[in-house]
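Student: Can you keep this structure in mind? I'll have questions shortly.
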Amino acid sequence: AEVKLKLQSQEGQTFEVEESVACKSQLIKNMVEDSGTDEEIPLPNVKAAILEKVIEYARHYKDSVPPEIEKPLKSAVMQEVVPAWDAAFVELEHEILFELILAANYLDIKSLLDLCCAKIASMLKGKTPEEIRRTFNIENDFTPEEEAQVREENKWAEME
């Protein structure tokens with residue numbers, strides 16, 4: 001039977017995970033290489049609910065490598081950019097998605113980080129600054145004068 005690692009979330013909840021799954025995380029892989037598999041591995045930056053999502057992703061790709069995501073995204077529709085399972089996996093509330101990005105970055109799981117960032121990019125693609133502000137509840141703190149200046153300076157970047 002495969003060795004199980006004990007991963008401990010920020011709240012102290014322990015998850016028993018197959019070594020091959022846990023080691024999808026470069027951080028965990030390095031910790032295991034440095035100090036073995038007997039000790040609990042504390043992950044103080046990852047909440048239990050997010051760690052569960054990370055484990056779900058790692059289990060899905062236990063025996064395979066996620067496909068590289070083409071950049072720039074060729075479509076704002078995730079199903080046209082990544083496999084169906086991946087597209088469904090990142091169909092999340094913004095807050096959870098952002099926490100997943102932080103966890104993937106901390107745990108050093110590049111494919112998960114890329115997937116989550118592609119999801120965010122797909123939400124931005126083809127939108128005006130106003131639509132992006134609405135999507136992510138961002139307050140416009142520019143004065144009309146500042147906004148006009150920024151638009152003028154960045155005219156070259158606008159799409160027709």
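Following the order of the structure tokens, first chain is A, next is B, and so on, with residues numbered from 1 inside each chain and ligands from 1 in the order they appear.
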As an NGL selection string, list the residues of chain A assigned to helix (DSSP H, G or I) by DSSP on the backbone atoms of this structure.

Tutor: :A and (19-22 or 26-35 or 48-60 or 78-80 or 84-89 or 94-107 or 110-124 or 129-136 or 144-153 or 155-157)

Student: Give me the residues near Ser111 (chain A) as a ChimeraX atom specification, where near means some atom within 12 Å (using only C-alpha atoms) and where sequence neighbours in that chain fewer than 5 positions away do not count.

Tutor: /A:24-26,54,57-58,61,64-69,82,86,101,104-105,116-118

Student: So which residues touch Tyr106 (chain A) within 12 Å, counting only C-alpha atoms, skipping near sequence neighbours fewer than 6 positions away, as a PDB file with C-alpha atoms, in the first residue's frame?

Tutor:
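Listed below is the output, part.pdb:
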ATOM      1  CA  SER A  25       2.945  20.054  -4.480  1.00  0.00           C
ATOM      2  CA  GLN A  26       6.611  20.913  -4.976  1.00  0.00           C
ATOM      3  CA  LEU A  27       6.639  22.388  -1.441  1.00  0.00           C
ATOM      4  CA  ILE A  28       5.419  19.105   0.114  1.00  0.00           C
ATOM      5  CA  LEU A  43       0.429  23.990   6.051  1.00  0.00           C
ATOM      6  CA  PRO A  44      -0.319  27.138   8.085  1.00  0.00           C
ATOM      7  CA  ASN A  45      -1.218  29.184   4.997  1.00  0.00           C
ATOM      8  CA  VAL A  46      -3.959  26.839   3.749  1.00  0.00           C
ATOM      9  CA  LEU A  51      -6.811  22.146   1.123  1.00  0.00           C
ATOM     10  CA  VAL A  54      -6.272  21.159  -3.696  1.00  0.00           C
ATOM     11  CA  GLU A  99      -7.813  31.540  -1.974  1.00  0.00           C
ATOM     12  CA  LEU A 100      -7.106  28.606  -4.284  1.00  0.00           C
ATOM     13  CA  LEU A 112      -3.326  24.438 -10.515  1.00  0.00           C
ATOM     14  CA  LEU A 113      -2.039  28.020 -10.303  1.00  0.00           C
TER      15      LEU A 113
END

Student: Residues of chain A in strand (DSSP E or B) according to DSSP, as a list in words?

Tutor: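 Reading the DSSP output for chain A, strand (DSSP E or B) covers Lys4, Leu5, Lys6, Leu7, Gln8, Thr14, Phe15, Glu16, Val17, Glu18, Ile41 and Pro42 of chain A.
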
Student: Pull N, CA, C and O atoms from the residues just selected and write them as a short mmCIF file (atom, residue, chain, number, x, y, z; two decimals), in the first residue's frame.

Tutor:
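The result, written out as out_26.cif:
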data_model
loop_
_atom_site.label_atom_id
_atom_site.label_comp_id
_atom_site.auth_asym_id
_atom_site.auth_seq_id
_atom_site.Cartn_x
_atom_site.Cartn_y
_atom_site.Cartn_z
N LYS A 4 0.98 7.09 3.23
CA LYS A 4 0.07 8.24 3.36
C LYS A 4 0.78 9.32 4.15
O LYS A 4 1.46 9.04 5.13
N LEU A 5 0.59 10.56 3.71
CA LEU A 5 1.14 11.70 4.44
C LEU A 5 0.01 12.35 5.21
O LEU A 5 -1.14 12.33 4.77
N LYS A 6 0.35 12.94 6.33
CA LYS A 6 -0.64 13.68 7.11
C LYS A 6 -0.39 15.16 6.87
O LYS A 6 0.64 15.70 7.27
N LEU A 7 -1.35 15.81 6.20
CA LEU A 7 -1.25 17.24 5.93
C LEU A 7 -2.15 17.98 6.91
O LEU A 7 -3.32 17.61 7.09
N GLN A 8 -1.61 19.00 7.54
CA GLN A 8 -2.38 19.72 8.54
C GLN A 8 -2.71 21.13 8.04
O GLN A 8 -1.82 21.91 7.70
N THR A 14 -6.43 17.49 10.08
CA THR A 14 -5.46 16.63 9.41
C THR A 14 -6.12 15.86 8.27
O THR A 14 -7.22 15.33 8.41
N PHE A 15 -5.41 15.83 7.14
CA PHE A 15 -5.87 15.09 5.96
C PHE A 15 -4.84 14.02 5.65
O PHE A 15 -3.65 14.34 5.53
N GLU A 16 -5.29 12.76 5.55
CA GLU A 16 -4.36 11.68 5.16
C GLU A 16 -4.42 11.56 3.65
O GLU A 16 -5.48 11.32 3.07
N VAL A 17 -3.27 11.73 3.02
CA VAL A 17 -3.22 11.78 1.56
C VAL A 17 -2.09 10.91 1.05
O VAL A 17 -1.00 10.87 1.63
N GLU A 18 -2.35 10.19 -0.06
CA GLU A 18 -1.32 9.35 -0.67
C GLU A 18 -0.12 10.23 -1.01
O GLU A 18 -0.27 11.36 -1.46
N ILE A 41 2.65 17.23 8.29
CA ILE A 41 3.18 18.37 7.54
C ILE A 41 2.26 19.56 7.75
O ILE A 41 1.12 19.55 7.28
N PRO A 42 2.73 20.56 8.50
CA PRO A 42 1.88 21.72 8.75
C PRO A 42 1.83 22.64 7.53
O PRO A 42 2.85 22.94 6.92
#

Student: Mind giving me the straight-line distance from CA of Leu97 (chain A) to CA of Lys62 (chain A) in Å, one decimal?

Tutor: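 It comes out at 21.4 Å.
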
Student: So, with only C-alpha atoms as the atoms that count, which of A:Ala103, A:Ala48, A:Ile120, A:Ile96 lies closest to Val77 (chain A)?

Tutor: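 Using only C-alpha atoms, Val77 (chain A) sits closest to A:Ile120.
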
Student: Closest to Ile50 (chain A) among A:Gln149, A:Gln10, A:Thr37, A:Thr128, using only C-alpha atoms?

Tutor: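 Of all the options, A:Gln10 lies closest to Ile50 (chain A).
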
Student: Using Å and a single decimal, report how far CA of Asp63 (chain A) sits from CA of Gly36 (chain A).

Tutor: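 So the answer is 22.1 Å.
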
Student: Could you list, as a ChimeraX atom specification, every residue within 12 Å of region 136-143 of chain A, counting only C-alpha atoms and ignoring same-chain residues fewer than 4 positions away?

Tutor: /A:93-95,97-98,120,123-124,127,129-132,147-151

Student: One decimal, Å: what's the distance from CA of Leu73 (chain A) over to CA of Ser122 (chain A), could you say?

Tutor: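 Taking CA of Leu73 (chain A) and CA of Ser122 (chain A), their separation equals 7.2 Å.
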